[in-house]
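Trainee: Below: one structure in structure tokens.
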Amino acid sequence: MNSKVVLEELIKFSKECGIKVIRDTLSKSRGGACILKNENIIVLNKFFPIERQASLLARCLGEINPPQLESMKDQKLQKYIIDEYGADKTTPIEFNV
């Protein structure tokens with residue numbers, strides 16, 4: 001799967017989990033996950049390369065760990081989320097509101 005397809009599939013999975021994904025122009029942040037009024041939201045900087053957006057989204061999904069993650073039908077996407085989440089624990093995910 002190319003990066004654009006991976007990003008689209010991650011966004012689709014996020015919606016299925018009730019997680020809102022926003023791709024926006026962020027001048028001072030790379031994006032991250034937050035909870036706003038009891039709603040899970042992940043914000044991606046749309047000017048970042050697609051690969052980086054997909055990686056950040058996967059890391060945020062791993063952090064949120066929705067129950068649907070364990071029973072995902074697409075095992076390659078599931079593995080990507082798990083691998084990205086565990087890949088770099090030294091760089092914290094930004095949580096900016």
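Naming scheme: A, B, ... for chains in displayed order of the structure tokens; residues 1 onward per chain; ligands 1 onward as shown.
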When DSSP is applied to the backbone of this structure, which of chain A are assigned helix (DSSP H, G or I)? Write them out as JSON, numbers by chain.

Mentor: {"A": [3, 4, 5, 6, 7, 8, 9, 10, 11, 12, 13, 14, 15, 16, 50, 51, 52, 53, 54, 55, 56, 57, 58, 59, 60, 61, 62, 63, 64, 67, 68, 69, 75, 76, 77, 78, 79, 80, 81, 82, 83, 84, 85, 86, 87]}

Trainee: For Asn38 in chain A, list every protein, DNA or RNA residue within 12 Å, evaluated using only C-alpha atoms, and leave out those in the same chain fewer than 5 positions away; present the list as a PyMOL selection string.

Mentor: chain A and resi 18-20

Trainee: For the residues selected in the previous step, produce a file with C-alpha atoms as an mmCIF file, in the first residue's frame.

Mentor:
data_model
loop_
_atom_site.group_PDB
_atom_site.id
_atom_site.type_symbol
_atom_site.label_atom_id
_atom_site.label_comp_id
_atom_site.auth_asym_id
_atom_site.auth_seq_id
_atom_site.Cartn_x
_atom_site.Cartn_y
_atom_site.Cartn_z
ATOM 1 C CA GLY A 18 -15.635 7.452 16.631
ATOM 2 C CA ILE A 19 -12.392 9.416 16.461
ATOM 3 C CA LYS A 20 -12.493 12.656 14.493
#

Trainee: What separation in Å, quoted to one decimal, exists between CA of Cys17 in chain A and CA of Gln75 in chain A?

Mentor: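 Result for CA of Cys17 in chain A versus CA of Gln75 in chain A: 16.2 Å, one decimal.
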
Trainee: Using Å and a single decimal, report how far CA of Lys76 in chain A sits from CA of Cys34 in chain A.

Mentor: 25.7 Å

Trainee: When DSSP works through the backbone of this structure, what residues of chain A end up as strand (DSSP E), shown as a ChimeraX atom specification?

Mentor: /A:20-24,31-36,39-45

Trainee: Would you work out the distance separating CA of Asn45 in chain A from CA of Pro67 in chain A, expressed in Å to one decimal?

Mentor: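 Separation between CA of Asn45 in chain A and CA of Pro67 in chain A: 25.9 Å.
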
Trainee: Considering only C-alpha atoms, can you say which of A:Ser3, A:Leu36, A:Lys12, A:Arg59 comes closest to Asp74 in chain A?

Mentor: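 Ranked by minimum distance to Asp74 in chain A, first place goes to A:Lys12.
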
Trainee: List the spatial neighbours of Glu70 in chain A as number ranges by chain - criterion: any atom at most 12 Å away, only C-alpha atoms, same-chain residues fewer than 6 positions off excluded.

Mentor: A: 17, 61-62, 77-79, 81-82

Trainee: If you keep C-alpha atoms, can you produce a file of those selected residues as a CSV table (one decimal), in the first residue's frame?

Mentor:
chain,number,residue,atom,x,y,z
A,17,CYS,CA,-13.9,4.1,16.1
A,61,LEU,CA,-4.4,5.6,17.3
A,62,GLY,CA,-2.0,3.4,19.2
A,77,LEU,CA,-2.9,-1.9,8.9
A,78,GLN,CA,-3.3,-3.2,12.5
A,79,LYS,CA,0.4,-4.1,12.5
A,81,ILE,CA,-0.5,1.1,13.9
A,82,ILE,CA,1.1,-1.2,16.6

Trainee: Would you mind telling me which residue in A:Pro66, A:Val5, A:Cys60, A:Thr25 lies nearest to Phe47 in chain A when using only C-alpha atoms?

Mentor: A:Thr25

Trainee: Between A:Leu57, A:Lys46, A:Ile41, A:Ile11, which residue has the minimum interatomic distance to Leu26 in chain A, considering only C-alpha atoms?

Mentor: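 Using only C-alpha atoms, the shortest distance to Leu26 in chain A belongs to A:Lys46.
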
Trainee: So that I can check the surroundings of Leu7 in chain A, please list as a PDB file with N, CA and C atoms, in the first residue's frame every protein, DNA and RNA residue that reaches within 12 Å of it, counting only C-alpha atoms and ignoring chain neighbours fewer than 4 positions away.

Mentor:
ATOM      1  N   MET A   1       0.841  -1.188   0.000  1.00  0.00           N
ATOM      2  CA  MET A   1       0.000   0.000   0.000  1.00  0.00           C
ATOM      3  C   MET A   1       0.879   1.242   0.000  1.00  0.00           C
ATOM      4  N   ASN A   2       0.508   2.202  -0.819  1.00  0.00           N
ATOM      5  CA  ASN A   2       1.277   3.440  -0.783  1.00  0.00           C
ATOM      6  C   ASN A   2       0.806   4.304   0.388  1.00  0.00           C
ATOM      7  N   SER A   3       1.570   5.322   0.699  1.00  0.00           N
ATOM      8  CA  SER A   3       1.313   6.159   1.882  1.00  0.00           C
ATOM      9  C   SER A   3      -0.046   6.836   1.846  1.00  0.00           C
ATOM     10  N   ILE A  11      -7.643   7.022   8.366  1.00  0.00           N
ATOM     11  CA  ILE A  11      -8.721   7.987   8.616  1.00  0.00           C
ATOM     12  C   ILE A  11     -10.065   7.264   8.653  1.00  0.00           C
ATOM     13  N   LYS A  12     -10.272   6.348   7.730  1.00  0.00           N
ATOM     14  CA  LYS A  12     -11.512   5.565   7.703  1.00  0.00           C
ATOM     15  C   LYS A  12     -11.674   4.760   8.998  1.00  0.00           C
ATOM     16  N   PHE A  13     -10.602   4.102   9.436  1.00  0.00           N
ATOM     17  CA  PHE A  13     -10.652   3.331  10.676  1.00  0.00           C
ATOM     18  C   PHE A  13     -10.928   4.248  11.869  1.00  0.00           C
ATOM     19  N   SER A  14     -10.309   5.419  11.883  1.00  0.00           N
ATOM     20  CA  SER A  14     -10.539   6.376  12.970  1.00  0.00           C
ATOM     21  C   SER A  14     -12.019   6.732  13.072  1.00  0.00           C
ATOM     22  N   VAL A  21     -10.801  12.993  12.779  1.00  0.00           N
ATOM     23  CA  VAL A  21      -9.488  13.367  12.256  1.00  0.00           C
ATOM     24  C   VAL A  21      -9.635  14.666  11.480  1.00  0.00           C
ATOM     25  N   ARG A  23      -7.452  17.443   9.250  1.00  0.00           N
ATOM     26  CA  ARG A  23      -6.217  17.817   8.558  1.00  0.00           C
ATOM     27  C   ARG A  23      -6.301  19.314   8.319  1.00  0.00           C
ATOM     28  N   LEU A  44      -3.938  16.639  12.238  1.00  0.00           N
ATOM     29  CA  LEU A  44      -2.740  16.432  11.423  1.00  0.00           C
ATOM     30  C   LEU A  44      -2.421  17.712  10.658  1.00  0.00           C
ATOM     31  N   LYS A  46      -1.647  19.299   7.518  1.00  0.00           N
ATOM     32  CA  LYS A  46      -1.821  18.857   6.138  1.00  0.00           C
ATOM     33  C   LYS A  46      -0.656  19.242   5.230  1.00  0.00           C
ATOM     34  N   PRO A  49       4.473  15.839   4.891  1.00  0.00           N
ATOM     35  CA  PRO A  49       4.403  14.748   3.920  1.00  0.00           C
ATOM     36  C   PRO A  49       3.373  13.692   4.355  1.00  0.00           C
ATOM     37  N   ILE A  50       2.751  13.070   3.380  1.00  0.00           N
ATOM     38  CA  ILE A  50       1.720  12.054   3.643  1.00  0.00           C
ATOM     39  C   ILE A  50       2.260  10.968   4.579  1.00  0.00           C
ATOM     40  N   GLU A  51       3.501  10.552   4.370  1.00  0.00           N
ATOM     41  CA  GLU A  51       4.095   9.494   5.200  1.00  0.00           C
ATOM     42  C   GLU A  51       4.120   9.907   6.667  1.00  0.00           C
ATOM     43  N   ARG A  52       4.450  11.167   6.910  1.00  0.00           N
ATOM     44  CA  ARG A  52       4.532  11.666   8.285  1.00  0.00           C
ATOM     45  C   ARG A  52       3.137  11.792   8.910  1.00  0.00           C
ATOM     46  N   GLN A  53       2.159  12.205   8.113  1.00  0.00           N
ATOM     47  CA  GLN A  53       0.780  12.277   8.607  1.00  0.00           C
ATOM     48  C   GLN A  53       0.283  10.885   8.981  1.00  0.00           C
ATOM     49  N   ALA A  54       0.561   9.894   8.130  1.00  0.00           N
ATOM     50  CA  ALA A  54       0.127   8.520   8.402  1.00  0.00           C
ATOM     51  C   ALA A  54       0.795   7.989   9.668  1.00  0.00           C
ATOM     52  N   SER A  55       2.079   8.273   9.814  1.00  0.00           N
ATOM     53  CA  SER A  55       2.812   7.819  10.990  1.00  0.00           C
ATOM     54  C   SER A  55       2.239   8.439  12.266  1.00  0.00           C
ATOM     55  N   LEU A  56       2.000   9.747  12.247  1.00  0.00           N
ATOM     56  CA  LEU A  56       1.447  10.417  13.428  1.00  0.00           C
ATOM     57  C   LEU A  56       0.056   9.901  13.751  1.00  0.00           C
ATOM     58  N   LEU A  57      -0.768   9.709  12.730  1.00  0.00           N
ATOM     59  CA  LEU A  57      -2.120   9.191  12.957  1.00  0.00           C
ATOM     60  C   LEU A  57      -2.062   7.792  13.559  1.00  0.00           C
ATOM     61  N   ALA A  58      -1.181   6.945  13.044  1.00  0.00           N
ATOM     62  CA  ALA A  58      -1.035   5.592  13.587  1.00  0.00           C
ATOM     63  C   ALA A  58      -0.571   5.629  15.040  1.00  0.00           C
ATOM     64  N   LEU A  77      -2.711  -3.174   8.355  1.00  0.00           N
ATOM     65  CA  LEU A  77      -2.933  -1.856   8.929  1.00  0.00           C
ATOM     66  C   LEU A  77      -2.824  -1.912  10.450  1.00  0.00           C
ATOM     67  N   TYR A  80       0.762  -1.996  11.278  1.00  0.00           N
ATOM     68  CA  TYR A  80       1.352  -0.669  11.062  1.00  0.00           C
ATOM     69  C   TYR A  80       1.085   0.230  12.265  1.00  0.00           C
ATOM     70  N   ILE A  81      -0.149   0.234  12.755  1.00  0.00           N
ATOM     71  CA  ILE A  81      -0.499   1.061  13.925  1.00  0.00           C
ATOM     72  C   ILE A  81       0.331   0.636  15.132  1.00  0.00           C
TER      73      ILE A  81
END
